[in-house]
$ cat structure-v2.cif   # mmCIF, C-alpha atoms
data_work
loop_
_atom_site.label_atom_id
_atom_site.label_comp_id
_atom_site.auth_asym_id
_atom_site.auth_seq_id
_atom_site.Cartn_x
_atom_site.Cartn_y
_atom_site.Cartn_z
CA MET A 999 24.07 49.65 5.07
CA THR A 1000 26.45 49.37 8.01
CA VAL A 1001 28.83 46.45 7.54
CA ARG A 1002 28.71 43.99 10.44
CA THR A 1003 30.92 40.90 10.63
CA ARG A 1004 31.51 38.35 13.36
CA VAL A 1005 33.70 35.54 14.57
CA ALA A 1006 31.89 32.75 16.41
CA PRO A 1007 34.23 30.24 18.08
CA SER A 1008 33.17 27.29 20.24
CA PRO A 1009 34.76 27.21 23.73
CA THR A 1010 35.66 23.53 23.64
CA GLY A 1011 39.44 23.63 23.91
CA ASP A 1012 42.45 25.87 23.40
CA PRO A 1013 41.84 28.82 21.04
CA HIS A 1014 42.83 27.74 17.52
CA VAL A 1015 45.02 29.78 15.15
CA GLY A 1016 42.30 29.17 12.56
CA THR A 1017 39.92 31.17 14.77
CA ALA A 1018 42.44 34.03 14.88
CA TYR A 1019 42.87 33.82 11.08
CA VAL A 1020 39.11 34.10 10.44
CA ALA A 1021 38.75 36.78 13.14
CA LEU A 1022 41.50 38.87 11.55
CA PHE A 1023 39.82 38.97 8.14
CA ASN A 1024 36.41 39.71 9.65
CA TYR A 1025 37.97 42.48 11.74
CA CYS A 1026 39.80 44.02 8.78
CA PHE A 1027 36.77 43.87 6.48
CA ALA A 1028 34.55 45.57 9.06
CA ARG A 1029 37.09 48.26 9.92
CA ALA A 1030 37.94 48.94 6.26
CA HIS A 1031 34.24 49.65 5.62
CA GLY A 1032 33.63 51.67 8.77
CA GLY A 1033 31.54 48.85 10.24
CA GLN A 1034 31.36 46.75 13.37
CA PHE A 1035 33.03 43.48 14.34
CA LEU A 1036 31.26 41.13 16.78
CA LEU A 1037 32.36 38.15 18.84
CA ARG A 1038 29.77 35.45 19.55
CA ILE A 1039 30.37 32.33 21.65
CA GLU A 1040 28.77 29.23 20.11
CA ASP A 1041 28.51 27.05 23.22
CA THR A 1042 25.55 24.80 22.44
CA ASP A 1043 27.82 21.79 23.00
CA GLN A 1044 27.37 22.03 26.75
CA ALA A 1045 29.21 18.77 27.44
CA ARG A 1046 32.47 20.14 26.03
CA SER A 1047 32.13 23.91 26.48
CA THR A 1048 33.90 25.47 29.45
CA ALA A 1049 34.19 28.95 30.95
CA ALA A 1050 37.99 28.55 30.98
CA SER A 1051 38.06 27.91 27.24
CA GLU A 1052 35.84 30.92 26.59
CA GLN A 1053 38.12 33.14 28.64
CA ALA A 1054 41.16 31.78 26.79
CA ILE A 1055 39.52 32.74 23.47
CA LEU A 1056 38.86 36.28 24.68
CA ASP A 1057 42.34 36.67 26.15
CA SER A 1058 44.18 35.25 23.13
CA LEU A 1059 42.34 37.38 20.56
CA ARG A 1060 43.00 40.48 22.67
CA TRP A 1061 46.65 39.44 23.04
CA LEU A 1062 46.83 39.49 19.25
CA GLY A 1063 45.43 43.01 19.16
CA LEU A 1064 41.91 42.28 17.91
CA GLU A 1065 39.08 44.14 19.65
CA TRP A 1066 35.36 43.61 19.09
CA ASP A 1067 32.53 46.12 19.27
CA GLU A 1068 29.98 43.70 20.72
CA GLY A 1069 30.43 40.45 22.59
CA PRO A 1070 29.77 38.53 25.80
CA ASP A 1071 32.23 40.60 27.81
CA VAL A 1072 31.54 44.07 26.33
CA GLY A 1073 27.79 43.81 25.76
CA GLY A 1074 25.80 45.35 22.92
CA ASP A 1075 22.18 45.85 21.92
CA ARG A 1076 21.91 42.56 19.93
CA GLY A 1077 22.82 40.23 22.78
CA PRO A 1078 23.11 37.98 24.58
CA TYR A 1079 26.24 36.87 22.77
CA ARG A 1080 26.43 33.33 24.13
CA GLN A 1081 24.21 30.84 22.34
CA SER A 1082 23.53 29.02 25.62
CA GLU A 1083 21.73 32.19 26.75
CA ARG A 1084 19.56 32.29 23.62
CA MET A 1085 18.07 28.79 23.76
CA ALA A 1086 14.40 29.81 23.86
CA LEU A 1087 14.81 31.63 20.54
CA TYR A 1088 15.91 28.55 18.63
CA GLY A 1089 12.99 26.43 19.78
CA GLU A 1090 10.54 29.15 18.74
CA PHE A 1091 12.03 29.49 15.27
CA ALA A 1092 12.18 25.70 14.79
CA GLN A 1093 8.49 25.40 15.68
CA GLN A 1094 7.70 28.26 13.32
CA LEU A 1095 9.31 26.29 10.48
CA VAL A 1096 7.27 23.20 11.40
CA ALA A 1097 4.07 25.26 11.40
CA ASP A 1098 4.96 26.69 7.98
CA GLY A 1099 5.69 23.24 6.50
CA LYS A 1100 9.38 24.07 6.12
CA ALA A 1101 10.51 21.56 8.74
CA PHE A 1102 9.13 18.34 10.19
CA ILE A 1103 9.21 16.23 13.34
CA CYS A 1104 11.22 13.03 12.89
CA TYR A 1105 10.95 10.01 15.19
CA ARG A 1106 13.46 7.87 13.31
CA ARG A 1107 15.84 5.95 15.58
CA ALA A 1108 19.61 5.67 15.07
CA ASP A 1109 19.46 2.06 13.86
CA GLU A 1110 16.80 2.98 11.31
CA LEU A 1111 18.90 5.87 10.02
CA ASP A 1112 21.90 3.57 9.62
CA ALA A 1113 19.78 1.08 7.66
CA LEU A 1114 18.40 3.80 5.40
CA ARG A 1115 21.87 5.12 4.62
CA GLN A 1116 23.17 1.63 3.97
CA ALA A 1117 20.33 0.96 1.54
CA ARG A 1118 21.07 4.15 -0.35
CA ARG A 1119 24.77 3.31 -0.40
CA GLU A 1120 24.10 -0.14 -1.82
CA ALA A 1121 21.86 1.40 -4.49
CA GLY A 1122 24.73 3.66 -5.54
CA ASN A 1123 23.01 6.80 -4.28
CA SER A 1124 24.13 9.61 -2.03
CA THR A 1125 23.67 8.81 1.65
CA ALA A 1126 21.95 12.17 2.18
CA LEU A 1127 18.52 11.33 3.62
CA LYS A 1128 15.54 13.23 2.24
CA PRO A 1129 12.16 13.91 3.89
CA THR A 1130 10.49 11.06 2.01
CA ASP A 1131 13.22 8.65 3.17
CA LEU A 1132 12.50 9.59 6.76
CA ALA A 1133 8.71 9.58 6.61
CA LEU A 1134 6.85 7.10 8.83
CA PRO A 1135 3.20 5.96 8.52
CA ASP A 1136 0.80 8.15 10.49
CA ASP A 1137 -0.11 5.35 12.90
CA GLU A 1138 3.59 4.68 13.64
CA VAL A 1139 4.16 8.38 14.31
CA ALA A 1140 1.14 8.40 16.65
CA ALA A 1141 2.40 5.31 18.47
CA ARG A 1142 5.88 6.71 19.00
CA LYS A 1143 4.47 10.04 20.12
CA ALA A 1144 2.13 8.30 22.60
CA ALA A 1145 5.07 6.29 23.93
CA GLY A 1146 6.98 9.51 24.56
CA GLU A 1147 9.82 8.55 22.24
CA PRO A 1148 12.42 11.25 21.52
CA TYR A 1149 12.25 13.18 18.27
CA VAL A 1150 14.21 15.80 16.36
CA ILE A 1151 13.13 18.61 14.07
CA ARG A 1152 14.57 18.41 10.56
CA MET A 1153 14.42 20.90 7.72
CA MET A 1154 12.67 20.26 4.43
CA VAL A 1155 15.06 20.02 1.48
CA PRO A 1156 14.57 19.47 -2.26
CA GLU A 1157 14.10 15.82 -3.16
CA GLY A 1158 15.08 15.79 -6.84
CA GLU A 1159 18.17 16.57 -8.80
CA GLY A 1160 19.33 20.05 -9.63
CA SER A 1161 21.84 22.64 -8.51
CA CYS A 1162 21.82 25.15 -5.71
CA ARG A 1163 23.60 28.35 -6.71
CA ILE A 1164 25.55 30.19 -4.05
CA GLN A 1165 27.19 33.57 -4.52
CA ASP A 1166 30.62 33.92 -2.97
CA MET A 1167 32.61 37.15 -2.75
CA LEU A 1168 35.84 35.42 -3.79
CA ARG A 1169 34.67 32.52 -5.92
CA GLY A 1170 31.71 34.00 -7.76
CA GLU A 1171 28.83 31.59 -8.34
CA ILE A 1172 29.21 28.14 -6.80
CA GLU A 1173 26.95 25.28 -7.89
CA LEU A 1174 26.20 22.51 -5.41
CA ASP A 1175 24.16 19.38 -6.09
CA TRP A 1176 20.87 19.19 -4.19
CA THR A 1177 21.13 15.39 -4.08
CA MET A 1178 24.00 15.78 -1.61
CA VAL A 1179 21.97 17.93 0.81
CA ASP A 1180 20.22 15.98 3.57
CA ALA A 1181 17.21 16.83 5.71
CA GLN A 1182 19.41 18.48 8.33
CA ILE A 1183 18.52 18.23 12.01
CA LEU A 1184 17.72 21.74 13.27
CA LEU A 1185 16.68 20.94 16.83
CA LYS A 1186 18.03 17.87 18.61
CA SER A 1187 16.01 15.60 20.88
CA ASP A 1188 17.33 17.38 23.97
CA GLY A 1189 16.07 20.71 22.64
CA MET A 1190 19.54 21.96 21.69
CA PRO A 1191 19.89 23.55 18.24
CA THR A 1192 22.40 22.39 15.69
CA TYR A 1193 24.98 24.79 14.31
CA HIS A 1194 22.92 25.42 11.18
CA LEU A 1195 19.77 26.74 12.88
CA ALA A 1196 21.52 28.69 15.62
CA ASN A 1197 24.00 30.22 13.19
CA VAL A 1198 21.34 31.49 10.78
CA VAL A 1199 19.03 32.80 13.52
CA ASP A 1200 21.85 34.59 15.33
CA ASP A 1201 23.39 36.10 12.21
CA HIS A 1202 19.99 37.52 11.22
CA LEU A 1203 19.06 38.86 14.65
CA MET A 1204 22.53 40.34 15.14
CA GLY A 1205 22.37 42.11 11.78
CA ILE A 1206 25.40 40.35 10.26
CA THR A 1207 25.85 41.60 6.69
CA HIS A 1208 28.89 39.57 5.64
CA VAL A 1209 29.76 36.03 6.74
CA ILE A 1210 33.49 35.50 6.27
CA ARG A 1211 34.40 31.93 7.24
CA GLY A 1212 36.52 28.96 6.24
CA GLU A 1213 35.89 27.08 3.02
CA GLU A 1214 34.93 23.94 4.96
CA TRP A 1215 31.49 25.56 5.32
CA ILE A 1216 30.81 25.79 1.58
CA ASN A 1217 28.86 22.53 1.58
CA SER A 1218 26.61 23.89 4.33
CA ALA A 1219 25.72 27.01 2.35
CA PRO A 1220 22.69 25.45 0.56
CA LYS A 1221 21.10 24.59 3.92
CA HIS A 1222 21.71 28.09 5.21
CA GLN A 1223 20.38 29.67 2.03
CA LEU A 1224 17.22 27.55 2.33
CA LEU A 1225 16.71 28.64 5.93
CA TYR A 1226 17.01 32.30 4.99
CA GLU A 1227 14.42 31.73 2.27
CA TYR A 1228 12.10 29.86 4.64
CA PHE A 1229 12.22 32.67 7.19
CA GLY A 1230 11.90 35.37 4.52
CA TRP A 1231 15.16 37.00 5.57
CA ASP A 1232 17.91 38.56 3.46
CA MET A 1233 20.98 36.36 3.43
CA PRO A 1234 24.36 37.92 4.33
CA GLN A 1235 26.99 37.97 1.63
CA LEU A 1236 29.24 34.92 1.88
CA CYS A 1237 33.01 34.80 1.67
CA HIS A 1238 34.80 31.48 2.15
CA LEU A 1239 38.48 31.81 3.02
CA PRO A 1240 40.99 29.15 1.98
CA LEU A 1241 41.90 26.75 4.77
CA LEU A 1242 45.25 26.93 6.52
CA ARG A 1243 47.21 23.81 5.64
CA ASN A 1244 50.11 21.74 6.89
CA PRO A 1245 53.23 21.50 4.69
CA ASP A 1246 51.83 18.25 3.23
CA LYS A 1247 48.73 20.22 2.08
CA SER A 1248 46.43 18.52 4.62
CA LYS A 1249 44.13 20.66 6.76
CA LEU A 1250 46.03 22.32 9.61
CA SER A 1251 45.81 20.00 12.61
CA LYS A 1252 47.53 19.65 15.94
CA ARG A 1253 48.90 16.24 14.93
CA LYS A 1254 51.24 17.94 12.45
CA ASN A 1255 51.55 21.55 13.65
CA PRO A 1256 50.88 23.35 16.93
CA THR A 1257 47.44 24.92 16.46
CA SER A 1258 46.77 26.62 19.78
CA ILE A 1259 47.27 30.37 19.99
CA LEU A 1260 48.39 29.74 23.58
CA TYR A 1261 51.29 27.60 22.30
CA TYR A 1262 52.71 30.48 20.30
CA GLN A 1263 52.25 32.85 23.23
CA ARG A 1264 54.05 30.46 25.59
CA MET A 1265 56.85 29.82 23.10
CA GLY A 1266 57.73 33.50 22.93
CA PHE A 1267 56.27 34.58 19.61
CA LEU A 1268 55.29 38.23 19.44
CA PRO A 1269 51.55 38.83 18.93
CA GLU A 1270 52.34 41.38 16.21
CA ALA A 1271 54.40 38.81 14.31
CA LEU A 1272 51.80 36.03 14.60
CA LEU A 1273 49.03 38.37 13.45
CA ASN A 1274 51.28 39.55 10.61
CA TYR A 1275 51.88 35.93 9.58
CA LEU A 1276 48.17 35.09 9.66
CA GLY A 1277 47.49 38.20 7.58
CA ARG A 1278 49.84 37.11 4.83
CA MET A 1279 48.34 33.63 4.76
CA GLY A 1280 46.36 33.84 1.54
CA TRP A 1281 46.51 37.66 1.34
CA SER A 1282 49.15 40.12 0.28
CA MET A 1283 49.99 43.79 0.60
CA PRO A 1284 49.83 45.77 -2.67
CA ASP A 1285 53.61 46.25 -2.52
CA GLU A 1286 54.10 42.54 -1.68
CA ARG A 1287 56.13 43.25 1.48
CA GLU A 1288 56.01 40.45 4.05
CA LYS A 1289 56.37 42.35 7.32
CA PHE A 1290 53.50 44.69 8.14
CA ALA A 1291 51.57 45.82 11.19
CA LEU A 1292 47.82 45.51 11.67
CA HIS A 1293 47.25 49.24 11.11
CA GLU A 1294 49.19 49.01 7.83
CA MET A 1295 47.06 46.07 6.71
CA LEU A 1296 43.91 48.05 7.53
CA GLU A 1297 45.02 51.05 5.48
CA VAL A 1298 45.04 49.05 2.24
CA PHE A 1299 42.76 46.12 3.04
CA ASP A 1300 40.85 44.70 0.09
CA ILE A 1301 39.21 41.28 0.49
CA SER A 1302 39.61 40.62 -3.23
CA ARG A 1303 43.37 40.27 -2.68
CA VAL A 1304 42.77 36.94 -0.89
CA SER A 1305 44.30 34.10 -2.89
CA LEU A 1306 42.30 30.89 -3.09
CA GLY A 1307 45.37 28.65 -3.10
CA GLY A 1308 45.71 26.70 0.15
CA PRO A 1309 48.06 28.74 2.39
CA ILE A 1310 50.78 26.64 4.02
CA PHE A 1311 51.42 27.23 7.72
CA ASP A 1312 55.20 27.04 7.85
CA MET A 1313 56.74 27.22 11.33
CA GLU A 1314 60.17 28.13 10.00
CA LYS A 1315 58.70 31.04 8.05
CA LEU A 1316 56.86 32.21 11.16
CA ARG A 1317 60.06 32.03 13.21
CA TRP A 1318 61.89 34.04 10.55
CA LEU A 1319 59.18 36.71 10.54
CA ASN A 1320 59.11 36.78 14.34
CA GLY A 1321 62.87 37.36 14.30
CA LEU A 1322 62.41 40.37 12.03
CA TRP A 1323 59.92 41.86 14.49
CA ILE A 1324 62.28 41.30 17.43
CA ARG A 1325 65.28 42.82 15.65
CA GLU A 1326 63.62 45.64 13.71
CA GLU A 1327 60.64 46.74 15.79
CA LEU A 1328 61.68 46.39 19.44
CA SER A 1329 64.08 48.68 21.24
CA GLN A 1330 66.39 47.14 23.80
CA GLU A 1331 64.16 48.47 26.57
CA ALA A 1332 61.02 47.13 24.89
CA LEU A 1333 62.65 43.72 24.41
CA ALA A 1334 63.63 43.62 28.09
CA HIS A 1335 60.03 44.40 29.02
CA ARG A 1336 58.68 41.69 26.72
CA LEU A 1337 61.10 39.10 28.16
CA CYS A 1338 60.17 39.90 31.75
CA GLU A 1339 56.47 39.86 30.88
CA TRP A 1340 56.80 36.55 29.05
CA ALA A 1341 59.22 34.40 31.06
CA PHE A 1342 59.73 35.97 34.45
CA ASN A 1343 56.27 37.02 35.56
CA ARG A 1344 55.03 35.44 38.79
CA ASP A 1345 52.44 33.17 37.14
CA ASN A 1346 54.96 31.57 34.81
CA LEU A 1347 57.60 31.21 37.50
CA ASN A 1348 55.18 29.63 39.96
CA ALA A 1349 54.11 27.11 37.31
CA VAL A 1350 57.70 26.09 36.51
CA LEU A 1351 59.45 26.23 39.88
CA PRO A 1352 57.78 23.16 41.46
CA GLN A 1353 59.31 21.05 38.68
CA LEU A 1354 62.77 22.65 38.89
CA GLN A 1355 63.36 23.43 42.58
CA PRO A 1356 64.02 19.78 43.55
CA ARG A 1357 66.67 19.59 40.81
CA MET A 1358 68.44 22.92 41.47
CA GLU A 1359 71.71 23.30 43.38
CA THR A 1360 72.42 26.92 42.38
CA LEU A 1361 70.25 29.68 40.95
CA SER A 1362 72.21 29.42 37.71
CA ASP A 1363 70.75 25.92 37.24
CA PHE A 1364 67.41 27.51 36.48
CA ALA A 1365 68.09 28.62 32.90
CA PRO A 1366 69.39 25.35 31.39
CA GLN A 1367 66.85 23.22 33.26
CA ALA A 1368 63.91 25.48 32.31
CA ALA A 1369 64.93 25.82 28.67
CA PHE A 1370 62.82 22.98 27.30
CA LEU A 1371 59.76 24.18 29.23
CA VAL A 1372 59.74 27.49 27.38
CA SER A 1373 61.25 26.52 24.02
CA GLY A 1374 58.89 23.66 23.20
CA VAL A 1375 61.86 21.55 22.05
CA LEU A 1376 63.38 18.70 24.03
CA PRO A 1377 67.21 18.42 23.91
CA ILE A 1378 67.26 14.81 22.74
CA ASP A 1379 68.46 12.81 19.74
CA ALA A 1380 67.79 9.33 18.36
CA ALA A 1381 70.93 7.81 19.89
CA GLN A 1382 69.54 8.32 23.39
CA PHE A 1383 66.86 5.70 22.71
CA ASP A 1384 69.34 2.97 21.75
CA GLU A 1385 69.71 1.76 25.35
CA LEU A 1386 66.03 0.81 25.45
CA GLY A 1387 66.64 -2.08 23.08
CA VAL A 1388 63.40 -1.54 21.17
CA GLU A 1389 63.11 -1.56 17.39
CA ARG A 1390 62.61 1.90 15.89
CA ASP A 1391 59.17 1.19 14.42
CA GLU A 1392 57.91 -0.34 17.66
CA LEU A 1393 59.28 2.61 19.62
CA ILE A 1394 57.48 5.07 17.36
CA ARG A 1395 54.27 3.05 17.68
CA ARG A 1396 54.38 3.17 21.48
CA MET A 1397 55.13 6.88 21.57
CA GLN A 1398 52.38 7.67 19.07
CA PHE A 1399 49.82 5.74 21.14
CA ALA A 1400 51.05 7.51 24.27
CA LEU A 1401 50.62 10.89 22.54
CA TRP A 1402 47.10 10.01 21.43
CA GLY A 1403 46.30 8.84 24.94
CA LEU A 1404 47.51 12.09 26.47
CA GLU A 1405 45.62 14.19 23.91
CA SER A 1406 42.38 12.40 24.77
CA LEU A 1407 42.52 13.26 28.47
CA SER A 1408 39.83 15.67 29.64
CA VAL A 1409 41.58 16.18 32.99
CA TRP A 1410 45.33 16.78 33.13
CA ASP A 1411 46.69 15.69 36.50
CA ARG A 1412 49.07 13.03 37.81
CA GLU A 1413 46.38 10.42 38.48
CA ALA A 1414 44.63 10.87 35.12
CA VAL A 1415 47.91 10.76 33.17
CA TRP A 1416 49.07 7.61 34.99
CA SER A 1417 45.72 5.86 34.62
CA GLY A 1418 45.44 6.70 30.92
CA LEU A 1419 48.96 5.53 30.05
CA LYS A 1420 48.69 2.37 32.17
CA SER A 1421 45.43 1.44 30.41
CA LEU A 1422 47.16 1.84 27.06
CA ALA A 1423 50.10 -0.31 28.15
CA ASP A 1424 47.74 -3.03 29.40
CA ALA A 1425 45.74 -2.94 26.16
CA MET A 1426 48.95 -3.32 24.13
CA GLY A 1427 50.25 -6.16 26.33
CA ILE A 1428 53.35 -4.21 27.39
CA LYS A 1429 54.68 -3.78 30.93
CA VAL A 1430 53.90 -0.24 31.99
CA ARG A 1431 57.58 0.31 32.91
CA ASP A 1432 58.66 -0.56 29.35
CA PHE A 1433 55.81 1.42 27.81
CA LEU A 1434 56.74 4.58 29.73
CA ALA A 1435 60.53 4.25 29.34
CA PRO A 1436 60.75 6.33 26.11
CA LEU A 1437 58.97 9.21 27.84
CA PHE A 1438 61.72 9.53 30.44
CA ILE A 1439 64.71 9.83 28.12
#
$ encode --input "structure-v2.cif" --output "structure tokens"
Amino acid sequence: MTVRTRVAPSPTGDPHVGTAYVALFNYCFARAHGGQFLLRIEDTDQARSTAASEQAILDSLRWLGLEWDEGPDVGGDRGPYRQSERMALYGEFAQQLVADGKAFICYRRADELDALRQARREAGNSTALKPTDLALPDDEVAARKAAGEPYVIRMMVPEGEGSCRIQDMLRGEIELDWTMVDAQILLKSDGMPTYHLANVVDDHLMGITHVIRGEEWINSAPKHQLLYEYFGWDMPQLCHLPLLRNPDKSKLSKRKNPTSILYYQRMGFLPEALLNYLGRMGWSMPDEREKFALHEMLEVFDISRVSLGGPIFDMEKLRWLNGLWIREELSQEALAHRLCEWAFNRDNLNAVLPQLQPRMETLSDFAPQAAFLVSGVLPIDAAQFDELGVERDELIRRMQFALWGLESLSVWDREAVWSGLKSLADAMGIKVRDFLAPLFI
């Protein structure tokens, strides 16, 4: 058997360090076993997926030094490698399940689903809806069908109690309660597949032998195992990696740590150092050394060395490791090349100069005025806010709402930023001038 692994990100935003973390372990496992590593773009969320985000994923993973054998940009004989280009397949397989009695058409409306869940909640039961919960009388089904009402296709799941046993490469046998598994939607009313159907179909047709993913997918494993059984396919071996976590042990999120690979690239981290840091998150070299290159990791890679304790993403530790790479691995000439490539290439300069040129009197003004744009840290302290005359807690509240407002913007331009922040100020009953004052310190 030829080992085949994959990483399957969704192009709905900046490429996440969690994607790089999962990609690294899939890459190393495949290479250590003489196999292939694939990249698949899961873009069924057409409202949020963008070509720019997809390109950023490809560019950032390559920047880190990870190359794939098959993918949307390099081709392969199991393509296409974008789910949006495989839509006809999912509908065919969903209808096959319906014909085999392994899935069913469901006309239930959103308000009915809410009422069913509420009833189960009040009865002290799991809110997972089963096929019998969702069943409608035949005449009601006929009436809704005749009226052309929308429907979804859901999978059949066990109704009673009992355990589903899942084999995991790191955790051994995992038991999950069938009562918590709902009749999952496989095909939505617009004909788009859910993650669960598309993922299983694609992994099978692409010959994936090992699914190495984050532990947040453990609860989905029973549904996937059922689908493999329904189709009569062999299920890939599963390996659920521990989640990257913030220092407070919560799941890594952009509210508490920068999560975009692009952030670390822009802030001057070396790709070798970031990949090194991701490699030691939950895994260790046999000699326990902390600094190692990708080729050194590959030489001794053993998936069983992954620790199941939640790895903490510590920015200070990453900066320390990055410093080692700069001092110990780069010659003076190589460092000069990296600096010019990072800070003084035309693209970066042209993005920064419109903000700085109106403020410059000499060329030497460039460095101090550009510092915060490339360091990610503003040169401010708490005392600078005293002149605003706003209580500390109120100030923090305003700034937090402003941050949330900016994060929610789908378009980042002057008009959108102004409109979004003004709407927030109006909603909070604060003059827009006072609301924005802390942002101009």
$ resolve_selection --input "structure-v2.cif" --expression "the PyMOL selection byres ((chain A and resi 1018) around 9)" --output "list in words"
Val1005, Pro1013, His1014, Val1015, Gly1016, Thr1017, Tyr1019, Val1020, Ala1021, Leu1022, Phe1023, Ser1058, Leu1059, Leu1062, Leu1064, Ile1259, Leu1273 and Leu1276 of chain A
$ resolve_selection --input "structure-v2.cif" --expression "the PyMOL selection byres ((chain A and resi 1195-1207) around 8)" --output "list in words"
Thr1000, Val1001, Arg1002, Thr1003, Arg1004, Arg1076, Gly1077, Gln1081, Tyr1088, Phe1091, Ala1092, Leu1184, Leu1185, Pro1191, Thr1192, Tyr1193, His1194, His1208, Val1209, His1222, Leu1225, Tyr1226, Trp1231, Met1233, Pro1234 and Gln1235 of chain A
$ resolve_selection --input "structure-v2.cif" --expression "the PyMOL selection byres ((chain A and resi 1221) around 12)" --output "VMD selection string"
chain A and resid 1100 1152 to 1156 1162 to 1164 1174 to 1176 1178 to 1184 1193 to 1195 1197 to 1198 1215 to 1220 1222 to 1228 1233
$ residues_around --input "structure-v2.cif" --residues "A:Arg1115" --least-positions-apart "5" --cutoff "9 Å" --atoms "only C-alpha atoms" --output "MDAnalysis selection string"
chainID A and resid 1110 1120 1124:1127
$ write_last_selection --input "structure-v2.cif" --atoms "C-alpha atoms" --output "PDB file, in the frame of the given file"
ATOM      1  CA  GLU A1110      16.800   2.980  11.310  1.00  0.00           C
ATOM      2  CA  GLU A1120      24.100  -0.140  -1.820  1.00  0.00           C
ATOM      3  CA  SER A1124      24.130   9.610  -2.030  1.00  0.00           C
ATOM      4  CA  THR A1125      23.670   8.810   1.650  1.00  0.00           C
ATOM      5  CA  ALA A1126      21.950  12.170   2.180  1.00  0.00           C
ATOM      6  CA  LEU A1127      18.520  11.330   3.620  1.00  0.00           C
TER       7      LEU A1127
END
$ closest_residue --input "structure-v2.cif" --among "A:Lys1429, A:Gln1263, A:Gly1011, A:Gly1307" --to "A:Ser1406" --atoms "only C-alpha atoms"
A:Gly1011
$ decode --input "structure-v2.cif" --residues "stretch 1111-1125 of chain A" --atoms "N, CA and C atoms" --output "PDB file, in the first residue's frame"
ATOM      1  N   LEU A1111     -37.368  22.246  13.248  1.00  0.00           N
ATOM      2  CA  LEU A1111     -36.150  21.670  13.828  1.00  0.00           C
ATOM      3  C   LEU A1111     -35.879  22.280  15.202  1.00  0.00           C
ATOM      4  N   ASP A1112     -36.054  23.592  15.315  1.00  0.00           N
ATOM      5  CA  ASP A1112     -35.847  24.257  16.602  1.00  0.00           C
ATOM      6  C   ASP A1112     -36.799  23.697  17.663  1.00  0.00           C
ATOM      7  N   ALA A1113     -38.055  23.487  17.276  1.00  0.00           N
ATOM      8  CA  ALA A1113     -39.050  22.971  18.221  1.00  0.00           C
ATOM      9  C   ALA A1113     -38.720  21.549  18.652  1.00  0.00           C
ATOM     10  N   LEU A1114     -38.249  20.737  17.702  1.00  0.00           N
ATOM     11  CA  LEU A1114     -37.881  19.356  18.026  1.00  0.00           C
ATOM     12  C   LEU A1114     -36.709  19.313  19.001  1.00  0.00           C
ATOM     13  N   ARG A1115     -35.734  20.167  18.758  1.00  0.00           N
ATOM     14  CA  ARG A1115     -34.560  20.197  19.652  1.00  0.00           C
ATOM     15  C   ARG A1115     -34.955  20.693  21.034  1.00  0.00           C
ATOM     16  N   GLN A1116     -35.820  21.693  21.070  1.00  0.00           N
ATOM     17  CA  GLN A1116     -36.260  22.224  22.353  1.00  0.00           C
ATOM     18  C   GLN A1116     -37.009  21.162  23.150  1.00  0.00           C
ATOM     19  N   ALA A1117     -37.833  20.389  22.469  1.00  0.00           N
ATOM     20  CA  ALA A1117     -38.584  19.322  23.144  1.00  0.00           C
ATOM     21  C   ALA A1117     -37.646  18.278  23.713  1.00  0.00           C
ATOM     22  N   ARG A1118     -36.617  17.933  22.968  1.00  0.00           N
ATOM     23  CA  ARG A1118     -35.648  16.953  23.458  1.00  0.00           C
ATOM     24  C   ARG A1118     -34.860  17.522  24.643  1.00  0.00           C
ATOM     25  N   ARG A1119     -34.558  18.804  24.544  1.00  0.00           N
ATOM     26  CA  ARG A1119     -33.803  19.448  25.631  1.00  0.00           C
ATOM     27  C   ARG A1119     -34.635  19.456  26.912  1.00  0.00           C
ATOM     28  N   GLU A1120     -35.899  19.774  26.791  1.00  0.00           N
ATOM     29  CA  GLU A1120     -36.773  19.820  27.963  1.00  0.00           C
ATOM     30  C   GLU A1120     -36.995  18.442  28.566  1.00  0.00           C
ATOM     31  N   ALA A1121     -36.882  17.401  27.723  1.00  0.00           N
ATOM     32  CA  ALA A1121     -37.038  16.030  28.214  1.00  0.00           C
ATOM     33  C   ALA A1121     -35.741  15.481  28.800  1.00  0.00           C
ATOM     34  N   GLY A1122     -34.691  16.311  28.777  1.00  0.00           N
ATOM     35  CA  GLY A1122     -33.412  15.885  29.322  1.00  0.00           C
ATOM     36  C   GLY A1122     -32.623  14.992  28.397  1.00  0.00           C
ATOM     37  N   ASN A1123     -32.947  15.030  27.099  1.00  0.00           N
ATOM     38  CA  ASN A1123     -32.259  14.189  26.128  1.00  0.00           C
ATOM     39  C   ASN A1123     -31.252  14.998  25.310  1.00  0.00           C
ATOM     40  N   SER A1124     -30.398  14.284  24.610  1.00  0.00           N
ATOM     41  CA  SER A1124     -29.495  14.935  23.675  1.00  0.00           C
ATOM     42  C   SER A1124     -30.315  15.632  22.600  1.00  0.00           C
ATOM     43  N   THR A1125     -29.798  16.758  22.096  1.00  0.00           N
ATOM     44  CA  THR A1125     -30.516  17.480  21.047  1.00  0.00           C
ATOM     45  C   THR A1125     -30.230  16.923  19.658  1.00  0.00           C
TER      46      THR A1125
END
